[in-house]
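**Student:** So here's final.tsv, just TSV, C-alpha atoms (C1' of nucleotides):
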chain	number	residue	atom	x	y	z
A	1	MET	CA	0.00	0.00	0.00
A	2	VAL	CA	1.13	3.49	-0.82
A	3	VAL	CA	1.19	6.13	1.87
A	4	THR	CA	-1.10	9.06	1.21
A	5	SER	CA	-0.99	12.63	2.39
A	6	CYS	CA	-3.49	11.76	5.08
A	7	PRO	CA	-1.98	9.45	7.64
A	8	LEU	CA	-5.35	8.56	9.18
A	9	HIS	CA	-6.60	6.88	6.05
A	10	ALA	CA	-3.65	5.36	4.37
A	11	MET	CA	-5.14	3.84	1.28
A	12	ALA	CA	-4.18	5.12	-2.09
A	13	SER	CA	-4.96	2.07	-4.12
A	14	LEU	CA	-7.47	-0.71	-3.84
A	15	THR	CA	-6.46	-4.31	-3.45
A	16	GLU	CA	-7.15	-6.66	-6.27
A	17	GLY	CA	-9.85	-8.27	-4.23
A	18	GLN	CA	-11.51	-4.94	-3.60
A	19	VAL	CA	-11.38	-4.02	-7.27
A	20	ARG	CA	-13.18	-7.26	-8.15
A	21	ARG	CA	-16.16	-6.06	-6.13
A	22	LYS	CA	-16.31	-2.90	-8.29
A	23	PRO	CA	-16.52	-0.51	-5.37
A	24	LEU	CA	-17.91	2.96	-5.66
A	25	VAL	CA	-18.58	5.80	-3.27
A	26	VAL	CA	-21.51	8.06	-3.99
A	27	ILE	CA	-22.16	11.36	-2.29
A	28	LEU	CA	-25.60	12.79	-2.78
A	29	GLY	CA	-27.77	15.41	-1.16
A	30	PRO	CA	-29.80	18.53	-1.89
A	31	THR	CA	-28.31	21.45	-3.73
A	32	ALA	CA	-26.14	23.81	-1.67
A	33	VAL	CA	-25.71	21.29	1.13
A	34	GLY	CA	-21.96	21.31	0.50
A	35	LYS	CA	-21.38	18.13	-1.49
A	36	SER	CA	-18.58	19.42	-3.68
A	37	ARG	CA	-16.33	20.62	-0.89
A	38	VAL	CA	-16.73	17.43	1.09
A	39	ALA	CA	-16.15	15.35	-2.02
A	40	ILE	CA	-12.96	17.17	-2.95
A	41	GLU	CA	-11.57	16.59	0.55
A	42	ILE	CA	-12.45	12.92	0.37
A	43	ALA	CA	-10.93	12.60	-3.09
A	44	LYS	CA	-7.71	14.08	-1.75
A	45	ARG	CA	-7.62	11.52	1.02
A	46	LEU	CA	-8.44	8.66	-1.34
A	47	ASP	CA	-6.07	10.03	-3.93
A	48	SER	CA	-8.86	9.46	-6.41
A	49	GLU	CA	-11.00	11.30	-8.94
A	50	ILE	CA	-14.51	12.68	-8.96
A	51	LEU	CA	-17.37	11.86	-11.30
A	52	THR	CA	-20.12	14.43	-11.29
A	53	ALA	CA	-23.68	13.16	-11.54
A	54	ASP	CA	-25.22	16.47	-12.41
A	55	SER	CA	-27.43	17.15	-15.38
A	56	ARG	CA	-26.41	20.82	-15.49
A	57	GLN	CA	-22.69	20.83	-15.00
A	58	VAL	CA	-22.35	18.95	-18.27
A	59	TYR	CA	-22.84	22.25	-20.12
A	60	ARG	CA	-19.81	24.16	-21.30
A	61	GLY	CA	-19.78	27.86	-20.67
A	62	MET	CA	-22.29	27.56	-17.87
A	63	ASP	CA	-20.22	27.80	-14.74
A	64	VAL	CA	-21.49	30.30	-12.21
A	65	GLY	CA	-25.12	29.26	-12.46
A	66	THR	CA	-24.46	25.55	-12.23
A	67	ASP	CA	-22.19	26.03	-9.25
A	68	LYS	CA	-19.32	24.24	-10.95
A	69	PRO	CA	-16.32	24.12	-8.65
A	70	SER	CA	-13.63	26.49	-9.91
A	71	ALA	CA	-10.20	25.25	-10.84
A	72	ALA	CA	-8.91	26.57	-7.53
A	73	ALA	CA	-11.68	24.88	-5.56
A	74	ARG	CA	-10.92	21.57	-7.26
A	75	GLN	CA	-7.41	21.65	-5.81
A	76	GLY	CA	-6.05	19.51	-8.57
A	77	ILE	CA	-8.64	16.80	-8.17
A	78	VAL	CA	-9.74	15.53	-11.56
A	79	HIS	CA	-13.46	16.04	-12.20
A	80	HIS	CA	-15.17	13.98	-14.88
A	81	LEU	CA	-18.51	14.45	-16.63
A	82	ILE	CA	-18.28	18.22	-16.53
A	83	ASP	CA	-18.24	20.42	-19.64
A	84	LEU	CA	-19.29	17.70	-22.05
A	85	ILE	CA	-21.63	19.57	-24.36
A	86	ASP	CA	-22.81	22.97	-25.55
A	87	PRO	CA	-25.95	24.61	-24.17
A	88	ASP	CA	-28.01	23.74	-27.24
A	89	GLU	CA	-27.20	20.05	-27.05
A	90	ALA	CA	-29.30	17.46	-25.30
A	91	PHE	CA	-28.07	15.13	-22.62
A	92	ASN	CA	-29.83	12.39	-20.75
A	93	ALA	CA	-29.58	9.73	-18.11
A	94	GLY	CA	-28.65	7.02	-20.59
A	95	LEU	CA	-25.69	8.95	-21.92
A	96	PHE	CA	-24.63	9.71	-18.39
A	97	ARG	CA	-24.72	6.09	-17.42
A	98	GLN	CA	-22.73	4.96	-20.42
A	99	GLN	CA	-19.96	7.50	-19.89
A	100	ALA	CA	-19.88	7.12	-16.15
A	101	THR	CA	-19.62	3.36	-16.40
A	102	HIS	CA	-16.63	3.59	-18.72
A	103	LEU	CA	-14.90	6.08	-16.48
A	104	ILE	CA	-15.48	3.91	-13.44
A	105	GLU	CA	-13.99	0.93	-15.21
A	106	ALA	CA	-10.92	2.97	-16.10
A	107	LEU	CA	-10.51	4.08	-12.49
A	108	HIS	CA	-10.85	0.52	-11.27
A	109	GLN	CA	-8.13	-0.52	-13.65
A	110	ARG	CA	-5.92	2.04	-11.95
A	111	ARG	CA	-7.05	0.60	-8.60
A	112	LEU	CA	-8.72	3.82	-7.58
A	113	LEU	CA	-11.94	4.11	-5.66
A	114	PRO	CA	-14.28	6.22	-7.83
A	115	LEU	CA	-16.15	9.00	-6.12
A	116	VAL	CA	-19.48	9.96	-7.64
A	117	VAL	CA	-20.95	13.27	-6.50
A	118	GLY	CA	-24.38	14.20	-7.59
A	119	GLY	CA	-27.60	16.01	-7.10
A	120	THR	CA	-29.39	14.47	-10.06
A	121	GLY	CA	-31.27	11.64	-8.43
A	122	LEU	CA	-32.24	9.89	-11.63
A	123	TYR	CA	-28.64	9.71	-12.80
A	124	VAL	CA	-27.52	8.21	-9.52
A	125	ARG	CA	-30.28	5.65	-9.49
A	126	ILE	CA	-29.59	4.57	-13.03
A	127	LEU	CA	-25.89	4.30	-12.38
A	128	LEU	CA	-26.39	2.13	-9.31
A	129	GLN	CA	-29.42	0.13	-10.38
A	130	GLY	CA	-29.26	0.06	-14.14
A	131	LEU	CA	-31.61	1.04	-16.89
A	132	CYS	CA	-34.27	-1.06	-18.56
A	133	GLU	CA	-33.79	-2.23	-22.15
A	134	ALA	CA	-36.24	0.21	-23.67
A	135	PRO	CA	-34.88	2.02	-26.71
A	136	PRO	CA	-33.27	5.39	-26.12
A	137	SER	CA	-35.21	8.48	-26.93
A	138	ASP	CA	-35.42	9.57	-30.52
A	139	PRO	CA	-35.75	13.32	-30.95
A	140	ARG	CA	-37.69	13.01	-34.19
A	141	ILE	CA	-40.32	10.70	-32.78
A	142	ARG	CA	-40.54	12.79	-29.70
A	143	ALA	CA	-41.08	15.94	-31.75
A	144	GLN	CA	-43.90	14.19	-33.56
A	145	PHE	CA	-45.69	13.35	-30.34
A	146	CYS	CA	-45.13	16.86	-29.00
A	147	GLU	CA	-46.76	18.22	-32.12
A	148	GLU	CA	-49.64	15.84	-31.66
A	149	ALA	CA	-50.05	16.91	-28.07
A	150	ARG	CA	-50.12	20.56	-29.08
A	151	GLU	CA	-52.66	20.02	-31.80
A	152	GLN	CA	-54.98	17.54	-30.18
A	153	GLY	CA	-54.41	17.96	-26.50
A	154	HIS	CA	-53.03	15.76	-23.77
A	155	GLU	CA	-56.26	13.81	-23.44
A	156	HIS	CA	-55.74	12.52	-26.94
A	157	LEU	CA	-52.19	11.36	-26.22
A	158	TYR	CA	-53.33	9.75	-23.02
A	159	ALA	CA	-56.02	7.85	-24.87
A	160	ARG	CA	-53.41	6.59	-27.33
A	161	LEU	CA	-51.25	5.39	-24.48
A	162	ALA	CA	-54.20	3.75	-22.80
A	163	SER	CA	-54.58	1.45	-25.78
A	164	ALA	CA	-50.86	0.96	-26.49
A	165	ASP	CA	-49.73	0.46	-22.91
A	166	PRO	CA	-52.63	0.36	-20.44
A	167	VAL	CA	-50.37	-0.48	-17.52
A	168	THR	CA	-48.26	2.63	-17.90
A	169	ALA	CA	-51.33	4.71	-18.65
A	170	GLY	CA	-52.83	3.53	-15.40
A	171	ARG	CA	-49.75	4.70	-13.55
A	172	LEU	CA	-49.54	8.11	-15.15
A	173	HIS	CA	-51.73	11.13	-14.69
A	174	PRO	CA	-53.46	12.13	-17.96
A	175	ARG	CA	-51.78	15.53	-17.80
A	176	ASP	CA	-48.27	14.16	-17.34
A	177	THR	CA	-47.47	14.74	-20.98
A	178	SER	CA	-43.72	14.30	-20.89
A	179	LYS	CA	-43.90	10.82	-19.37
A	180	ILE	CA	-46.79	9.88	-21.61
A	181	ILE	CA	-44.70	10.86	-24.61
A	182	ARG	CA	-41.78	8.78	-23.42
A	183	ALA	CA	-44.03	5.75	-23.01
A	184	LEU	CA	-45.54	6.25	-26.46
A	185	GLU	CA	-42.07	6.67	-27.90
A	186	VAL	CA	-40.91	3.37	-26.43
A	187	HIS	CA	-43.94	1.59	-27.75
A	188	HIS	CA	-43.59	3.18	-31.17
A	189	LEU	CA	-39.90	2.31	-31.44
A	190	SER	CA	-40.03	-1.24	-30.12
A	191	GLY	CA	-43.61	-2.39	-30.38
A	192	VAL	CA	-43.38	-3.37	-26.73
A	193	PRO	CA	-45.08	-1.45	-23.94
A	194	MET	CA	-42.69	0.35	-21.61
A	195	SER	CA	-44.31	-1.35	-18.66
A	196	SER	CA	-42.93	-4.68	-19.94
A	197	PHE	CA	-39.39	-3.36	-20.06
A	198	GLN	CA	-39.78	-1.92	-16.61
A	199	ALA	CA	-41.33	-5.03	-15.14
A	200	GLU	CA	-38.51	-7.12	-16.50
A	201	HIS	CA	-35.87	-4.77	-15.20
A	202	GLY	CA	-37.28	-3.60	-11.90
A	203	PHE	CA	-34.15	-1.62	-11.07
A	204	SER	CA	-32.65	-4.91	-9.99
A	205	GLU	CA	-29.19	-4.49	-11.53
A	206	ARG	CA	-26.33	-3.93	-9.11
A	207	PRO	CA	-23.30	-3.31	-11.31
A	208	PHE	CA	-21.28	-1.92	-8.41
A	209	SER	CA	-20.71	-2.36	-4.71
A	210	ALA	CA	-21.72	1.10	-3.71
A	211	LEU	CA	-21.45	3.03	-0.51
A	212	VAL	CA	-24.01	5.80	-0.74
A	213	ILE	CA	-23.45	8.71	1.60
A	214	GLY	CA	-26.27	11.24	1.87
A	215	LEU	CA	-25.37	14.70	3.05
A	216	ASN	CA	-28.06	16.77	4.64
A	217	ARG	CA	-28.66	19.71	6.91
A	218	GLU	CA	-31.66	21.09	8.67
A	219	ARG	CA	-34.01	22.32	6.02
A	220	GLU	CA	-34.00	25.96	7.10
A	221	GLN	CA	-30.25	25.88	6.89
A	222	VAL	CA	-30.24	24.40	3.40
A	223	TYR	CA	-32.65	27.15	2.35
A	224	ARG	CA	-30.45	29.84	3.83
A	225	ARG	CA	-27.39	28.43	2.08
A	226	ILE	CA	-29.30	28.40	-1.21
A	227	GLU	CA	-30.20	32.04	-0.81
A	228	LYS	CA	-26.66	32.99	0.09
A	229	ARG	CA	-25.31	31.11	-2.89
A	230	ILE	CA	-27.74	32.82	-5.23
A	231	ASP	CA	-26.73	36.24	-3.95
A	232	TRP	CA	-23.15	35.23	-4.59
A	233	GLN	CA	-23.90	33.94	-8.09
A	234	LEU	CA	-25.64	37.19	-9.01
A	235	ALA	CA	-22.74	39.21	-7.67
A	236	ASN	CA	-20.23	37.05	-9.50
A	237	GLY	CA	-21.30	37.01	-13.06
A	238	LEU	CA	-24.44	34.94	-13.56
A	239	LEU	CA	-26.11	37.75	-15.47
A	240	GLU	CA	-23.03	38.35	-17.59
A	241	GLU	CA	-22.71	34.66	-18.27
A	242	THR	CA	-26.33	34.48	-19.38
A	243	ARG	CA	-26.01	37.60	-21.49
A	244	HIS	CA	-22.94	36.16	-23.13
A	245	LEU	CA	-24.65	32.87	-23.96
A	246	LEU	CA	-27.59	34.70	-25.51
A	247	ALA	CA	-25.22	36.94	-27.45
A	248	ARG	CA	-23.53	33.85	-28.82
A	249	GLY	CA	-26.85	32.84	-30.26
A	250	TYR	CA	-28.12	30.33	-27.76
A	251	ARG	CA	-31.81	30.48	-27.18
A	252	ARG	CA	-33.77	30.60	-24.00
A	253	ASP	CA	-35.40	27.28	-24.78
A	254	ASP	CA	-32.14	25.49	-25.48
A	255	PRO	CA	-31.69	22.65	-22.99
A	256	GLY	CA	-28.89	24.34	-21.09
A	257	LEU	CA	-30.69	27.63	-20.62
A	258	THR	CA	-33.75	26.05	-19.03
A	259	GLY	CA	-31.90	25.42	-15.80
A	260	LEU	CA	-32.34	27.34	-12.58
A	261	GLY	CA	-30.78	30.76	-12.61
A	262	TYR	CA	-30.28	30.94	-16.34
A	263	ARG	CA	-33.96	30.92	-17.10
A	264	HIS	CA	-34.53	33.50	-14.39
A	265	ALA	CA	-31.67	35.67	-15.59
A	266	ALA	CA	-32.90	35.42	-19.18
A	267	ALA	CA	-36.39	36.49	-18.16
A	268	TYR	CA	-34.95	39.48	-16.34
A	269	LEU	CA	-32.62	40.42	-19.20
A	270	SER	CA	-35.51	40.39	-21.64
A	271	GLY	CA	-37.45	42.73	-19.38
A	272	GLU	CA	-40.11	40.28	-18.26
A	273	CYS	CA	-39.57	41.11	-14.62
A	274	ASP	CA	-37.52	43.42	-12.47
A	275	GLN	CA	-34.45	42.29	-10.64
A	276	ALA	CA	-36.12	41.84	-7.26
A	277	GLU	CA	-38.77	39.59	-8.77
A	278	MET	CA	-36.14	37.62	-10.65
A	279	VAL	CA	-34.21	36.99	-7.45
A	280	ARG	CA	-37.36	36.02	-5.58
A	281	LEU	CA	-38.37	33.45	-8.19
A	282	PHE	CA	-34.83	32.11	-8.57
A	283	LYS	CA	-34.64	31.52	-4.82
A	284	ARG	CA	-38.13	30.10	-4.58
A	285	ASP	CA	-37.63	27.68	-7.46
A	286	THR	CA	-34.29	26.55	-6.09
A	287	ARG	CA	-35.81	25.91	-2.66
A	288	ARG	CA	-38.51	23.85	-4.32
A	289	PHE	CA	-35.89	21.96	-6.25
A	290	ALA	CA	-33.98	21.12	-3.09
A	291	LYS	CA	-37.20	19.88	-1.56
A	292	ARG	CA	-37.89	17.61	-4.53
A	293	GLN	CA	-34.37	16.29	-4.37
A	294	MET	CA	-34.97	15.31	-0.77
A	295	THR	CA	-38.17	13.56	-1.69
A	296	TRP	CA	-36.24	11.59	-4.26
A	297	PHE	CA	-33.21	10.82	-2.13
A	298	ARG	CA	-35.30	9.68	0.82
A	299	ARG	CA	-36.16	6.69	-1.30
A	300	GLN	CA	-32.66	6.02	-2.54
A	301	ALA	CA	-31.92	2.57	-1.17
A	302	GLU	CA	-29.25	1.98	1.45
A	303	THR	CA	-28.13	5.52	1.90
A	304	ALA	CA	-26.05	6.34	4.96
A	305	TRP	CA	-27.18	9.81	5.97
A	306	LEU	CA	-24.84	12.31	7.53
A	307	MET	CA	-26.70	15.19	9.11
A	308	ILE	CA	-24.36	18.16	9.19
A	309	PRO	CA	-24.85	20.45	12.18
A	310	GLU	CA	-24.57	24.14	11.39
A	311	SER	CA	-21.44	24.54	13.49
A	312	GLU	CA	-19.63	21.46	12.24
A	313	PRO	CA	-16.32	22.24	10.55
A	314	LEU	CA	-15.66	20.75	7.13
A	315	GLU	CA	-12.89	18.52	8.47
A	316	GLU	CA	-15.27	16.87	10.90
A	317	THR	CA	-17.83	16.09	8.22
A	318	VAL	CA	-15.06	14.69	6.06
A	319	ALA	CA	-13.77	12.60	8.95
A	320	ARG	CA	-17.20	11.13	9.53
A	321	ALA	CA	-17.51	10.27	5.85
A	322	MET	CA	-14.03	8.73	5.83
A	323	ARG	CA	-14.99	6.45	8.69
A	324	LEU	CA	-17.90	5.18	6.63
A	325	ILE	CA	-15.60	4.62	3.70
A	326	ASP	CA	-13.05	2.79	5.81
A	327	SER	CA	-15.58	0.35	7.13
A	328	PHE	CA	-17.07	-0.04	3.68
A	329	LEU	CA	-13.68	-1.12	2.34
A	330	SER	CA	-13.11	-3.44	5.29
A	331	ALA	CA	-16.46	-5.05	4.60
A	332	LEU	CA	-15.44	-5.62	1.00
A	333	ASP	CA	-12.37	-7.48	2.21
A	334	ALA	CA	-14.40	-9.50	4.67
A	335	VAL	CA	-16.72	-10.74	1.98
A	336	GLU	CA	-13.72	-11.45	-0.20
A	337	GLU	CA	-12.23	-13.69	2.48
A	338	THR	CA	-15.40	-15.69	2.98
A	339	PRO	CA	-15.03	-18.86	0.93
A	340	THR	CA	-18.48	-18.86	-0.64
A	341	SER	CA	-18.97	-18.82	-4.41
B	1	G	C1'	-61.82	61.98	24.67
B	2	G	C1'	-65.25	62.26	20.00
B	3	C	C1'	-66.43	60.53	15.09
B	4	G	C1'	-65.65	57.28	10.98
B	5	C	C1'	-63.67	52.94	8.43
B	6	C	C1'	-61.86	48.09	9.05
B	7	G	C1'	-60.83	42.93	11.37
B	8	U	C1'	-62.25	36.01	6.88
B	9	A	C1'	-56.10	30.48	6.88
B	10	C	C1'	-49.08	32.04	7.30
B	11	C	C1'	-50.00	36.37	3.46
B	12	C	C1'	-53.48	38.71	-0.14
B	13	A	C1'	-58.58	38.20	-0.75
B	14	A	C1'	-64.18	37.05	-2.61
B	15	G	C1'	-68.50	36.54	0.01
B	16	U	C1'	-72.83	41.69	3.02
B	17	G	C1'	-79.25	36.61	6.11
B	18	G	C1'	-80.15	30.38	3.31
B	19	C	C1'	-76.02	24.57	-1.04
B	20	U	C1'	-70.34	21.80	2.13
B	21	A	C1'	-66.88	29.93	3.40
B	22	A	C1'	-64.58	31.37	-3.87
B	23	G	C1'	-59.74	32.28	-5.75
B	24	G	C1'	-54.51	33.39	-5.63
B	25	G	C1'	-49.66	33.41	-3.29
B	26	A	C1'	-46.41	31.03	0.11
B	27	G	C1'	-45.75	26.40	2.38
B	28	C	C1'	-46.11	21.11	3.06
B	29	A	C1'	-46.52	16.06	1.18
B	30	G	C1'	-45.68	13.01	-2.97
B	31	U	C1'	-44.78	10.69	-8.11
B	32	C	C1'	-40.69	9.51	-11.28
B	33	U	C1'	-36.62	3.66	-15.69
B	34	G	C1'	-32.92	8.14	-21.74
B	35	C	C1'	-35.18	16.32	-21.45
B	36	A	C1'	-35.02	15.09	-14.20
B	37	A	C1'	-32.26	22.17	-12.04
B	38	A	C1'	-37.56	18.86	-16.17
B	39	A	C1'	-42.56	17.29	-15.94
B	40	C	C1'	-46.66	15.95	-13.03
B	41	U	C1'	-50.09	15.03	-8.58
B	42	G	C1'	-52.34	15.85	-3.77
B	43	C	C1'	-53.29	18.92	0.74
B	44	G	C1'	-55.47	23.92	4.30
B	45	A	C1'	-60.93	27.44	8.04
B	46	U	C1'	-66.85	22.57	11.98
B	47	G	C1'	-65.16	28.23	11.11
B	48	C	C1'	-65.00	34.54	9.65
B	49	A	C1'	-61.16	39.23	16.26
B	50	G	C1'	-63.90	37.85	21.20
B	51	C	C1'	-68.45	37.59	23.93
B	52	G	C1'	-73.62	38.23	24.00
B	53	G	C1'	-78.23	39.13	21.35
B	54	U	C1'	-82.05	39.09	17.13
B	55	U	C1'	-83.63	35.11	13.74
B	56	C	C1'	-86.20	28.80	11.74
B	57	G	C1'	-81.18	30.15	10.01
B	58	A	C1'	-75.63	34.94	11.17
B	59	A	C1'	-68.95	35.83	8.47
B	60	C	C1'	-73.13	39.04	6.95
B	61	C	C1'	-78.11	42.42	11.31
B	62	C	C1'	-77.79	44.68	16.66
B	63	G	C1'	-74.90	45.62	21.36
B	64	C	C1'	-70.53	45.51	24.21
B	65	U	C1'	-65.25	44.43	24.42
B	66	C	C1'	-60.42	43.97	22.10
B	67	G	C1'	-57.08	45.25	18.03
B	68	G	C1'	-55.65	48.29	13.57
B	69	C	C1'	-56.08	52.68	10.51
B	70	G	C1'	-57.83	57.68	9.52
B	71	C	C1'	-59.90	62.33	10.82
B	72	C	C1'	-61.37	65.78	14.65
B	73	U	C1'	-60.52	67.83	19.63
With the file now loaded, output its structure as structure tokens.

**Tutor:**
Amino acid sequence: MVVTSCPLHAMASLTEGQVRRKPLVVILGPTAVGKSRVAIEIAKRLDSEILTADSRQVYRGMDVGTDKPSAAARQGIVHHLIDLIDPDEAFNAGLFRQQATHLIEALHQRRLLPLVVGGTGLYVRILLQGLCEAPPSDPRIRAQFCEEAREQGHEHLYARLASADPVTAGRLHPRDTSKIIRALEVHHLSGVPMSSFQAEHGFSERPFSALVIGLNREREQVYRRIEKRIDWQLANGLLEETRHLLARGYRRDDPGLTGLGYRHAAAYLSGECDQAEMVRLFKRDTRRFAKRQMTWFRRQAETAWLMIPESEPLEETVARAMRLIDSFLSALDAVEETPTS
RNA sequence: GGCGCCGUACCCAAGUGGCUAAGGGAGCAGUCUGCAAAACUGCGAUGCAGCGGUUCGAACCCGCUCGGCGCCU
């Protein structure tokens, strides 16, 4: 074993036995809870690299508003799955999974323990529990159904789904157009109802041995941190960044620009609201987002939650997380030693 | 001290004798298998400042009290 900079957790590379288990550490939690800073500290101690599971940080040229850690904040830790595409390009959970899986394999080959950090619950779930075999989305088909929805209303689409895939239709609300369209798309592309793919899959894949660490704080505190961060973003170039993107020809309805902050800034810049209203909505929508994240993460299986008290220093949070990681790795060894198979 | 106006949910607010007290905002709870920072769903007054009265029936009419605002002295 190689000695690391942190004497308490001397483990720079995984054993061969550990690598066989395909270990993975995931850090999740609501926005602004402080995931990035904790993750960077852990990565330093593990001498490893970070994979970001974030549907917004994949966009190039969108830095302030997506809260991308700056080069200085990264402290030399390699961050993957950031800056992959331009704001007018589409990304999705399937692409994320594919790229993340390859990167994880590469890290395992180097005997490193990959560290996934993310606020996008769907991406994390799909990485840890797989994705059903349904065909990927096809923009052309999707556009067709969108058109149909516009012209004939969501009731019409829902009726179509009810005959193509009654099980999924039963699960979905008639107004939930985006999920209805996805289900119709799957059926159209494969001839098989999405419910069949899902039933077969059931999120039962476990491609990795994952330790999932959930970071959380008291809700009021998370909300206050969100508001503070937004004030900081506005004082540090979010408006300029948005203006610049629009000047480069990106449109407000491009996938990248629909994210929190950018859509608010764009509305303000086009004169739809004054600055105070823009800030109010930006903060409100981000609070709501954090709340939805918590609803999602509460159901994320086998998550070890670390509640961070307001007064707790970063080092202490990191130390608590490292203890979880240490025992996780020990457990991997223990299983390895058991002569089962 | 006098006169007037007002008091409905956390906030705004409709209702001015008769269905189960509109609506909006905020909030809370939830759903989720390739757009997820998206999209979608659900939820609030056994009570109308308080007490008493009139009435078959009161948020609504009357009286007193409390609170707020305005004007006058």

**Student:** If we count only C-alpha atoms (C1' of nucleotides), what is near range 193-205 of chain A at a cut-off of 8 Å, once residues fewer than 6 positions away on the same chain are taken out, given as a VMD selection string?

**Tutor:** (chain A and resid 126 128 to 134 164 to 165 167 to 168 183 186 to 187) or (chain B and resid 33)

**Student:** Taking all atoms listed in the file into account, report as a CSV table (one decimal) with C-alpha atoms (C1' of nucleotides), keeping the file's coordinate frame which residues of chain B lie within 12 Å of chain A.

**Tutor:**
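Full text of result-v2.csv as output:
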chain,number,residue,atom,x,y,z
B,26,A,C1',-46.4,31.0,0.1
B,27,G,C1',-45.8,26.4,2.4
B,28,C,C1',-46.1,21.1,3.1
B,29,A,C1',-46.5,16.1,1.2
B,30,G,C1',-45.7,13.0,-3.0
B,31,U,C1',-44.8,10.7,-8.1
B,32,C,C1',-40.7,9.5,-11.3
B,33,U,C1',-36.6,3.7,-15.7
B,34,G,C1',-32.9,8.1,-21.7
B,35,C,C1',-35.2,16.3,-21.4
B,36,A,C1',-35.0,15.1,-14.2
B,37,A,C1',-32.3,22.2,-12.0
B,38,A,C1',-37.6,18.9,-16.2
B,39,A,C1',-42.6,17.3,-15.9
B,40,C,C1',-46.7,16.0,-13.0
B,41,U,C1',-50.1,15.0,-8.6
B,42,G,C1',-52.3,15.8,-3.8

**Student:** What is the distance, in Å and to one decimal place, between CA of Gly29 in chain A and CA of Gln221 in chain A?

**Tutor:**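 Between these atoms lies a distance of 13.4 Å.
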
**Student:** Which residue, A:Arg287, A:Lys22, A:Arg206, A:Arg243, has the smallest gap to Ile226 in chain A when you use only C-alpha atoms?

**Tutor:**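 Among the listed residues, A:Arg287 lies closest to Ile226 in chain A.
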
**Student:** Considering all atoms listed in the file, return as a PyMOL selection string whatever protein or nucleic-acid residues lie within 9 Å of Glu315 in chain A, sequence-local ones (same chain, fewer than 3 positions apart) excluded.

**Tutor:** chain A and resi 38+41+312+318-320

**Student:** Print the selection's residues with C-alpha atoms to a file, as a short mmCIF file (atom, residue, chain, number, x, y, z; two decimals), in the frame of the given file.

**Tutor:**
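Written file, again.cif:
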data_model
loop_
_atom_site.label_atom_id
_atom_site.label_comp_id
_atom_site.auth_asym_id
_atom_site.auth_seq_id
_atom_site.Cartn_x
_atom_site.Cartn_y
_atom_site.Cartn_z
CA VAL A 38 -16.73 17.43 1.09
CA GLU A 41 -11.57 16.59 0.55
CA GLU A 312 -19.63 21.46 12.24
CA VAL A 318 -15.06 14.69 6.06
CA ALA A 319 -13.77 12.60 8.95
CA ARG A 320 -17.20 11.13 9.53
#

**Student:** Please indicate the distance in Å from CA of Arg229 in chain A to CA of Gly34 in chain A, rounded to one decimal place.

**Tutor:** 10.9 Å

**Student:** Record the distance separating CA of Gln98 in chain A and CA of Val117 in chain A, expressed in Å with one decimal.

**Tutor:**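 Spanning CA of Gln98 in chain A to CA of Val117 in chain A is a straight-line distance of 16.3 Å.
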
**Student:** Can you list, as a PDB file with C-alpha atoms (C1' of nucleotides), in the frame of the given file, every protein, DNA or RNA residue that comes within 8 Å of range 52-59 of chain B when you count only C-alpha atoms (C1' of nucleotides), leaving out same-chain residues fewer than 2 positions away?

**Tutor:**
ATOM      1  C1'   U B   8     -62.250  36.010   6.880  1.00  0.00           C
ATOM      2  C1'   G B  17     -79.250  36.610   6.110  1.00  0.00           C
ATOM      3  C1'   G B  18     -80.150  30.380   3.310  1.00  0.00           C
ATOM      4  C1'   C B  48     -65.000  34.540   9.650  1.00  0.00           C
ATOM      5  C1'   C B  61     -78.110  42.420  11.310  1.00  0.00           C
ATOM      6  C1'   C B  62     -77.790  44.680  16.660  1.00  0.00           C
ATOM      7  C1'   G B  63     -74.900  45.620  21.360  1.00  0.00           C
ATOM      8  C1'   C B  64     -70.530  45.510  24.210  1.00  0.00           C
TER       9        C B  64
END

**Student:** Of the candidates B:G2, B:G50, B:G44, B:G24, which one gets nearest to G67 in chain B if we count all atoms listed in the file?

**Tutor:** B:G50

**Student:** My list of candidates is A:Glu49, A:Met322, A:Leu281, A:Ile141. Which is closest to Gln75 in chain A when distances are computed with all atoms listed in the file?

**Tutor:** A:Glu49

**Student:** Please provide as an mmCIF file with C-alpha atoms (C1' of nucleotides), keeping the file's coordinate frame all residues within 12 Å of C69 in chain B, with the sequence filter that same-chain residues fewer than 5 positions apart are discarded (counting all atoms listed in the file).

**Tutor:**
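What ended up in result_25.cif:
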data_model
loop_
_atom_site.group_PDB
_atom_site.id
_atom_site.type_symbol
_atom_site.label_atom_id
_atom_site.label_comp_id
_atom_site.auth_asym_id
_atom_site.auth_seq_id
_atom_site.Cartn_x
_atom_site.Cartn_y
_atom_site.Cartn_z
ATOM 1 C "C1'" G B 4 -65.650 57.280 10.980
ATOM 2 C "C1'" C B 5 -63.670 52.940 8.430
ATOM 3 C "C1'" C B 6 -61.860 48.090 9.050
ATOM 4 C "C1'" G B 7 -60.830 42.930 11.370
#

**Student:** Name all residues at most 12 Å from G23 in chain B (count all atoms listed in the file; drop same-chain ones fewer than 3 positions away) and give them as a ChimeraX atom specification.

**Tutor:** /B:12-15
